[in-house]
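Enquirer: So I've got this file, run_12.txt, and it contains compact mmCIF, C-alpha atoms:
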# COMPACT_ATOMS: atom_id res chain seq x y z
CA MET A 1 29.14 -4.09 16.00
CA ALA A 2 25.65 -3.32 14.86
CA ASP A 3 25.23 -1.55 11.55
CA GLY A 4 22.12 0.29 12.61
CA PRO A 5 18.77 0.57 10.91
CA VAL A 6 19.25 0.83 7.17
CA ARG A 7 16.39 3.12 6.28
CA ILE A 8 16.04 6.33 8.21
CA THR A 9 12.44 7.44 7.96
CA GLY A 10 10.25 10.08 9.58
CA PRO A 11 8.61 7.64 12.02
CA LEU A 12 12.03 6.26 12.97
CA LEU A 13 13.24 9.77 13.80
CA ASP A 14 10.05 10.35 15.83
CA VAL A 15 10.64 7.19 17.87
CA LEU A 16 14.30 8.05 18.47
CA GLU A 17 13.35 11.55 19.55
CA ALA A 18 10.72 10.23 21.93
CA LEU A 19 13.14 7.76 23.50
CA LEU A 20 15.91 10.35 23.80
CA ALA A 21 13.52 12.72 25.54
CA ALA A 22 12.33 10.05 28.03
CA ASP A 23 13.66 9.49 31.53
CA ASP A 24 16.51 7.01 31.36
CA TYR A 25 15.79 6.71 27.59
CA GLU A 26 13.02 4.26 28.39
CA LEU A 27 9.35 4.16 27.38
CA HIS A 28 6.67 1.51 26.97
CA GLY A 29 4.89 0.86 23.66
CA TRP A 30 1.78 2.91 24.36
CA ALA A 31 3.85 5.87 25.59
CA ILE A 32 5.83 5.82 22.34
CA MET A 33 2.62 5.67 20.30
CA LYS A 34 1.16 8.55 22.28
CA THR A 35 4.25 10.73 22.08
CA THR A 36 4.87 10.20 18.39
CA ARG A 37 1.17 10.10 17.45
CA ARG A 38 1.87 7.18 15.15
CA ALA A 39 -0.14 3.98 14.70
CA GLY A 40 0.81 0.84 16.62
CA PRO A 41 2.01 -1.25 13.66
CA THR A 42 4.25 1.60 12.47
CA ILE A 43 5.84 1.91 15.90
CA TYR A 44 6.34 -1.82 16.36
CA LYS A 45 7.95 -2.21 12.94
CA ILE A 46 10.46 0.46 13.93
CA LEU A 47 11.04 -1.05 17.36
CA GLU A 48 11.82 -4.37 15.67
CA ARG A 49 14.32 -2.72 13.36
CA LEU A 50 15.99 -0.90 16.24
CA ASP A 51 16.07 -4.13 18.23
CA GLU A 52 17.70 -6.01 15.34
CA ALA A 53 20.29 -3.24 15.09
CA GLU A 54 20.94 -3.61 18.84
CA TRP A 55 20.00 -0.03 19.52
CA LEU A 56 17.30 -1.12 21.95
CA THR A 57 16.87 -3.38 24.91
CA SER A 58 13.47 -4.36 26.22
CA ARG A 59 12.06 -5.70 29.47
CA TRP A 60 8.70 -6.56 30.97
CA GLU A 61 7.07 -4.37 33.57
CA LYS A 62 7.94 -5.66 37.05
CA GLU A 63 4.98 -4.73 39.20
CA VAL A 64 1.62 -5.34 37.60
CA GLU A 65 -1.84 -4.94 39.01
CA PRO A 66 -3.68 -8.27 38.99
CA GLY A 67 -5.73 -8.81 35.85
CA ARG A 68 -3.85 -6.24 33.80
CA PRO A 69 -1.47 -7.37 31.02
CA ARG A 70 2.18 -6.43 31.44
CA ARG A 71 3.68 -3.52 29.53
CA ARG A 72 6.96 -3.94 27.75
CA TYR A 73 9.52 -1.20 28.18
CA TYR A 74 11.99 -0.24 25.46
CA ARG A 75 15.25 1.44 26.32
CA LEU A 76 17.96 2.83 24.07
CA SER A 77 21.24 0.99 24.57
CA GLY A 78 24.59 2.81 24.86
CA ILE A 79 25.25 2.56 21.15
CA GLY A 80 21.61 3.41 20.49
CA VAL A 81 21.83 6.68 22.42
CA GLU A 82 25.00 7.71 20.60
CA SER A 83 23.68 6.80 17.16
CA ALA A 84 20.25 8.31 17.81
CA ARG A 85 21.77 11.61 18.93
CA ARG A 86 23.99 11.71 15.85
CA ILE A 87 21.13 10.93 13.47
CA ILE A 88 18.76 13.39 15.09
CA ALA A 89 21.42 16.13 15.00
CA GLU A 90 22.01 15.43 11.31
CA ARG A 91 18.46 14.94 10.14
CA ARG A 92 16.28 16.87 12.47
CA PRO A 93 17.96 19.74 14.28
CA VAL A 94 14.52 21.13 15.23
CA PRO A 95 12.45 18.55 17.16
CA ALA A 96 9.30 17.37 15.36
CA VAL A 97 7.76 15.33 18.17
CA PRO A 98 5.44 17.69 20.02
CA ARG A 99 6.60 18.54 23.50
CA ARG A 100 4.01 18.79 26.20
CA HIS A 101 3.68 22.23 27.64
CA ARG A 102 1.90 22.62 30.92
CA PHE A 103 0.54 25.92 32.04
CA ALA A 104 1.69 26.95 35.45
CA PHE A 105 -1.01 28.59 37.47
CA GLY A 106 -0.18 31.80 39.22
CA GLY A 107 0.75 35.30 38.23
CA TRP A 108 3.60 36.50 36.13
CA SER A 109 6.83 36.79 38.04
CA GLY A 110 8.60 39.02 35.54
CA MET B 1 -44.23 5.39 15.52
CA ASN B 2 -45.75 2.01 14.91
CA GLY B 3 -45.05 -1.22 16.78
CA TRP B 4 -42.40 -2.43 14.36
CA GLU B 5 -40.39 0.77 14.63
CA ILE B 6 -40.45 0.58 18.41
CA ALA B 7 -39.38 -3.08 18.32
CA VAL B 8 -36.55 -2.39 15.87
CA GLY B 9 -35.39 0.61 17.91
CA ALA B 10 -35.39 -1.44 21.11
CA ALA B 11 -33.56 -4.34 19.44
CA LEU B 12 -31.00 -1.95 17.97
CA SER B 13 -30.33 -0.26 21.29
CA VAL B 14 -29.91 -3.65 23.00
CA PHE B 15 -27.56 -4.76 20.22
CA LEU B 16 -25.47 -1.59 20.46
CA ALA B 17 -25.29 -1.85 24.25
CA GLU B 18 -24.20 -5.50 23.99
CA PHE B 19 -21.72 -4.68 21.24
CA THR B 20 -19.99 -1.96 23.27
CA GLU B 21 -19.86 -4.38 26.21
CA ILE B 22 -18.03 -7.03 24.20
CA CYS B 23 -15.66 -4.51 22.56
CA PRO B 24 -12.83 -4.99 25.13
CA TRP B 25 -13.12 -8.78 24.86
CA LEU B 26 -13.15 -8.57 21.07
CA ALA B 27 -10.13 -6.24 21.17
CA ARG B 28 -8.15 -8.78 23.22
CA LYS B 29 -9.05 -11.54 20.75
CA LEU B 30 -8.06 -9.35 17.82
CA VAL B 31 -4.65 -8.45 19.21
CA CYS B 32 -3.96 -12.14 19.87
CA TRP B 33 -4.86 -12.93 16.28
CA ALA B 34 -2.78 -10.01 15.01
CA ALA B 35 0.22 -11.03 17.11
CA CYS B 36 0.13 -14.53 15.61
CA ARG B 37 0.09 -13.04 12.10
CA TRP B 38 2.79 -10.50 12.97
CA ALA B 39 5.43 -12.65 14.63
CA ASP B 40 7.50 -15.37 13.05
CA SER B 41 7.75 -17.52 16.18
CA GLN B 42 5.41 -18.69 18.90
CA ALA B 43 7.43 -16.97 21.63
CA LYS B 44 7.36 -13.63 19.81
CA ALA B 45 3.64 -14.00 19.12
CA GLU B 46 2.95 -14.55 22.83
CA GLN B 47 5.08 -11.53 23.70
CA TYR B 48 3.27 -9.26 21.26
CA ALA B 49 -0.13 -10.60 22.28
CA GLU B 50 0.44 -9.58 25.91
CA GLU B 51 2.16 -6.32 25.03
CA TRP B 52 -0.55 -5.21 22.62
CA ALA B 53 -3.22 -6.23 25.10
CA ALA B 54 -1.52 -3.81 27.53
CA VAL B 55 -1.54 -1.10 24.85
CA VAL B 56 -5.23 -1.69 24.20
CA GLU B 57 -5.89 -1.60 27.95
CA GLU B 58 -4.39 1.90 28.14
CA ARG B 59 -6.97 3.30 25.74
CA PRO B 60 -9.93 4.96 27.38
CA GLY B 61 -13.38 3.83 26.23
CA LYS B 62 -14.52 0.51 24.87
CA LEU B 63 -14.79 1.52 21.22
CA LEU B 64 -11.32 3.10 21.26
CA LYS B 65 -9.92 -0.17 22.57
CA LEU B 66 -11.51 -1.98 19.65
CA MET B 67 -10.23 0.61 17.17
CA THR B 68 -6.68 0.27 18.47
CA ALA B 69 -6.91 -3.51 18.20
CA ALA B 70 -8.25 -3.12 14.66
CA GLN B 71 -5.19 -1.02 13.80
CA PHE B 72 -2.92 -3.85 14.92
CA THR B 73 -5.04 -6.35 13.02
CA PHE B 74 -4.87 -4.41 9.76
CA GLY B 75 -1.15 -3.80 10.25
CA ALA B 76 -0.44 -7.47 10.85
CA THR B 77 -2.61 -8.58 7.93
CA TRP B 78 -0.93 -6.13 5.60
CA ARG B 79 2.50 -7.18 6.79
CA GLY B 80 1.58 -10.82 6.23
CA ILE B 81 0.35 -10.17 2.70
CA VAL B 82 3.36 -8.06 1.73
CA GLY B 83 5.75 -10.54 3.33
CA ARG B 84 4.26 -13.46 1.45
CA LEU B 85 4.19 -11.56 -1.82
CA LYS B 86 7.90 -10.92 -1.35
CA TYR B 87 8.41 -14.61 -0.64
CA THR B 88 6.89 -15.52 -3.98
CA ARG B 89 9.78 -13.68 -5.62
CA HIS B 90 11.59 -16.95 -5.27
CA PRO B 91 14.84 -17.57 -7.24
CA GLY B 92 12.99 -20.31 -9.11
CA LEU B 93 10.39 -17.79 -10.19
CA ALA B 94 13.01 -15.17 -11.04
CA ALA B 95 14.97 -17.66 -13.17
CA GLY B 96 11.86 -18.33 -15.22
CA ARG B 97 11.61 -22.00 -14.25
CA LEU B 98 8.22 -21.32 -12.78
CA THR B 99 5.67 -18.76 -13.80
CA VAL B 100 2.96 -17.66 -11.44
CA PRO B 101 0.60 -14.89 -12.56
CA PRO B 102 0.45 -11.90 -10.19
CA LEU B 103 -3.22 -12.54 -9.40
CA GLN B 104 -2.42 -16.09 -8.26
CA ARG B 105 0.44 -14.80 -6.14
CA LEU B 106 -1.91 -12.34 -4.51
CA ARG B 107 -4.49 -15.05 -3.90
CA TRP B 108 -1.82 -17.27 -2.41
CA ALA B 109 -0.65 -14.47 -0.15
CA LEU B 110 -4.22 -13.75 0.94
CA THR B 111 -5.13 -17.34 1.67
CA ARG B 112 -1.97 -17.94 3.67
CA THR B 113 -2.38 -14.71 5.62
CA ILE B 114 -6.06 -14.56 6.39
CA MET B 115 -6.33 -18.30 7.02
CA VAL B 116 -10.10 -18.44 7.14
CA PRO B 117 -11.22 -21.81 8.45
CA ARG B 118 -12.61 -23.98 5.66
CA LEU B 119 -15.82 -24.41 7.61
CA VAL B 120 -16.46 -20.66 7.39
CA ILE B 121 -15.80 -20.67 3.67
CA TYR B 122 -18.18 -23.56 3.07
CA ALA B 123 -20.73 -21.76 5.21
CA ILE B 124 -20.43 -18.77 2.87
CA LEU B 125 -20.80 -20.88 -0.26
CA PRO B 126 -24.60 -21.39 -0.01
CA ILE B 127 -24.92 -17.62 -0.45
CA GLY B 128 -24.17 -18.27 -4.12
CA LEU B 129 -26.99 -20.79 -4.30
CA LEU B 130 -29.39 -18.45 -2.53
CA GLY B 131 -28.36 -15.71 -4.97
CA GLY B 132 -29.24 -18.02 -7.84
CA PHE B 133 -32.58 -18.89 -6.23
CA PHE B 134 -33.63 -15.28 -5.76
CA LEU B 135 -32.41 -14.33 -9.21
CA GLY B 136 -34.47 -17.21 -10.59
CA ARG B 137 -37.58 -16.05 -8.74
CA PHE B 138 -37.10 -12.53 -10.02
CA MET B 139 -36.69 -13.72 -13.59
CA LEU B 140 -39.64 -16.10 -13.35
CA SER B 141 -41.89 -13.26 -12.35
CA HIS B 142 -40.81 -11.23 -15.36
CA PHE B 143 -40.32 -13.80 -18.14
CA ASP B 144 -42.17 -16.84 -19.51
CA HIS B 145 -39.62 -19.58 -20.26
CA ASP B 146 -39.80 -21.39 -16.93
CA LEU B 147 -37.49 -24.32 -17.48
CA VAL B 148 -34.70 -22.36 -19.16
CA ILE B 149 -34.78 -19.73 -16.48
CA ARG B 150 -34.75 -22.29 -13.68
CA ALA B 151 -31.77 -24.02 -15.27
CA ALA B 152 -29.97 -20.69 -15.75
CA ALA B 153 -30.59 -19.69 -12.15
CA ILE B 154 -29.32 -23.00 -10.76
CA SER B 155 -26.26 -22.83 -13.03
CA PHE B 156 -25.60 -19.32 -11.82
CA GLY B 157 -25.79 -20.48 -8.22
CA ILE B 158 -23.46 -23.42 -8.79
CA LEU B 159 -21.01 -21.27 -10.73
CA THR B 160 -20.98 -18.70 -7.92
CA MET B 161 -20.22 -21.43 -5.41
CA VAL B 162 -17.40 -22.81 -7.53
CA ALA B 163 -16.02 -19.30 -8.07
CA TRP B 164 -16.06 -18.64 -4.34
CA ARG B 165 -14.29 -21.85 -3.57
CA SER B 166 -11.75 -21.37 -6.32
CA ALA B 167 -11.09 -17.75 -5.38
CA ILE B 168 -10.57 -18.47 -1.72
CA LEU B 169 -8.99 -21.89 -1.60
CA GLY B 170 -7.35 -22.29 -4.99
CA ARG B 171 -8.11 -25.02 -7.50
CA HIS B 172 -5.40 -27.66 -7.23
CA THR B 173 -2.84 -26.34 -4.83
CA ARG B 174 -2.60 -23.12 -2.93
CA LEU B 175 -0.96 -21.58 -5.99
CA GLY B 176 -3.72 -22.68 -8.28
CA SER B 177 -2.12 -25.14 -10.66
CA VAL B 178 1.51 -24.37 -9.83
CA LYS B 179 3.43 -25.68 -6.87
CA ILE B 180 6.79 -24.17 -5.94
CA VAL B 181 9.42 -26.86 -5.48
CA GLY B 182 13.17 -26.70 -4.97
CA ASP B 183 15.77 -28.27 -7.24
CA ASP B 184 15.68 -31.42 -5.11
CA GLY B 185 11.91 -31.58 -5.40
CA SER B 186 11.23 -30.38 -1.85
CA ASP B 187 8.21 -28.22 -1.12
CA LEU B 188 9.27 -24.59 -0.78
CA GLU B 189 6.00 -23.15 0.44
CA PRO B 190 6.49 -21.37 3.76
Translate this structure into C-alpha cells?
Expert:
Amino acid sequence: MADGPVRITGPLLDVLEALLAADDYELHGWAIMKTTRRAGPTIYKILERLDEAEWLTSRWEKEVEPGRPRRRYYRLSGIGVESARRIIAERRPVPAVPRRHRFAFGGWSG
Amino acid sequence: MNGWEIAVGAALSVFLAEFTEICPWLARKLVCWAACRWADSQAKAEQYAEEWAAVVEERPGKLLKLMTAAQFTFGATWRGIVGRLKYTRHPGLAAGRLTVPPLQRLRWALTRTIMVPRLVIYAILPIGLLGGFFLGRFMLSHFDHDLVIRAAAISFGILTMVAWRSAILGRHTRLGSVKIVGDDGSDLEP
C-alpha cells in the first residue's frame, strides 16, 4: 500500500485538482502546466512524487503526427483518485485552480 | 545616420532574425541537456527529453519555446546542485571524520552539475591573460615604472588564470584537497 506524498503543498493541491477535474482523470504535462499556471520543473517534481506514491500512472500518446515528439499522459490511479479527493476536501474546499468560463453567445433565456 | 550605424543596424537585425530562427532548435537541445541533469537513469532521461520536447512544441512562438526550455534547464540545474549538496552531508562528514568547508561543497556541487567541458574552461582562461595585458597597457600609459608594471600585469594575468582553473575544476580533487572515501577506502563520490 502506498503511503502517499509526504509533503502536501500548494502546487501539489493544484495538480491534484487539475487531474480530478480532467476527463478520465488524465492530462498531459503541458495541460497540467497550463491549468495550474505553474512552471514545468515544479509540475514534474510533483508528478514524480505522485508516481512514487503510486497515485499516478503514465502512458505515451498513441497517435502522433510525424515529426512531433510524443506527449506523456498522466492519470490518477484508483487509490490516487480517492486520496486526492480526500486531501482536496480537507485542505481546499474552495477550488483554487482557475476554471475556464466560456461565454455563450445568444440572448438571455431567463 | 552614418555608414557604421547602418552596418551595425543591419548586422543586428540579421543576428536577431537568425537567433529567433534557431530558438526552437536551441530549445530542443536545452531540454535534452536538462533531462540528462534531471533524471537519475538513462531511460528516465530519454523519457523526459521527449516529453519536455513535446511541452516546448506546444508553446506558440519561437522565443516562448526557448523560454520554456530555459525554465526546465534552470530547474534541472538547481535540482542537481541541491541534490549534490545534500549528498555531501555524508555520514563520514557528519561524524566529523572529514571536514569540507561549505564553499568547497558548493564548488563540488557546481562542477558536478554544470559539467562544463574542460576545453571550454581552458578556452576561457586566456581571458585572464588578456585582462592582465590590457591592465598593463592602461597602467603603462599612466605610470613610469615600465618593468615593474609589466611584471605586475603578467602576474595578474597568470593569477587570474590559476584562480579560474582552481575555482572551476578544483585544485587536487573535485573537492579541492579532500576526497570522500568509505571505511573500506572506496571512493564515495557519486
Enquirer: For chain B, work out the contacting residues on chain A at 12 Å, counting only C-alpha atoms, and write them as an NGL selection string.
Expert: :A and (28-34 or 38-45 or 47-48 or 58-61 or 64-65 or 67-74)
Enquirer: Report, in Å to a single decimal, how far apart atom CA of B:Cys23 and atom CA of B:Leu64 are.
Expert: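 Taking atom CA of B:Leu64 and atom CA of B:Cys23, their separation equals 8.9 Å.
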Enquirer: Rounded to one decimal, what separation in Å do you get between atom CA of A:Arg37 and atom CA of A:Arg7?
Expert: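 That distance, rounded to one decimal, is 20.1 Å.
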Enquirer: Between atom CA of A:Leu56 and atom CA of A:Gly80, what is the spacing in Å?
Expert: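 It comes out at 6.4 Å.
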Enquirer: Of the candidates B:Glu46, B:Phe138, B:Trp4, B:Lys62, which one gets nearest to B:Cys32 if we count all atoms listed in the file?
Expert: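 When distances to B:Cys32 are compared using all atoms listed in the file, the smallest one comes from B:Glu46.
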Enquirer: Excluding stretch 88-95 of chain A and residues on its chain fewer than 3 positions from it, collect all residues at most 7 Å away from it, counting all atoms listed in the file, and give them as a ChimeraX atom specification.
Expert: /A:13,84-85
Enquirer: Write the residues of the selection above to a file with C-alpha atoms, as a PDB file, in the frame of the given file.
Expert:
ATOM      1  CA  LEU A  13      13.240   9.770  13.800  1.00  0.00           C
ATOM      2  CA  ALA A  84      20.250   8.310  17.810  1.00  0.00           C
ATOM      3  CA  ARG A  85      21.770  11.610  18.930  1.00  0.00           C
TER       4      ARG A  85
END
Enquirer: Would you mind telling me which residue in A:Leu16, A:Trp55, A:Ile46, A:Pro11 lies nearest to A:Ile87 when using all atoms listed in the file?
Expert: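 For A:Ile87, the nearest of the candidates is A:Leu16.
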Enquirer: In terms of the shortest atom-to-atom distance over all atoms listed in the file, which of B:Arg37, B:Pro60, B:Met67, B:Lys44 is closest to B:Val82?
Expert: B:Arg37
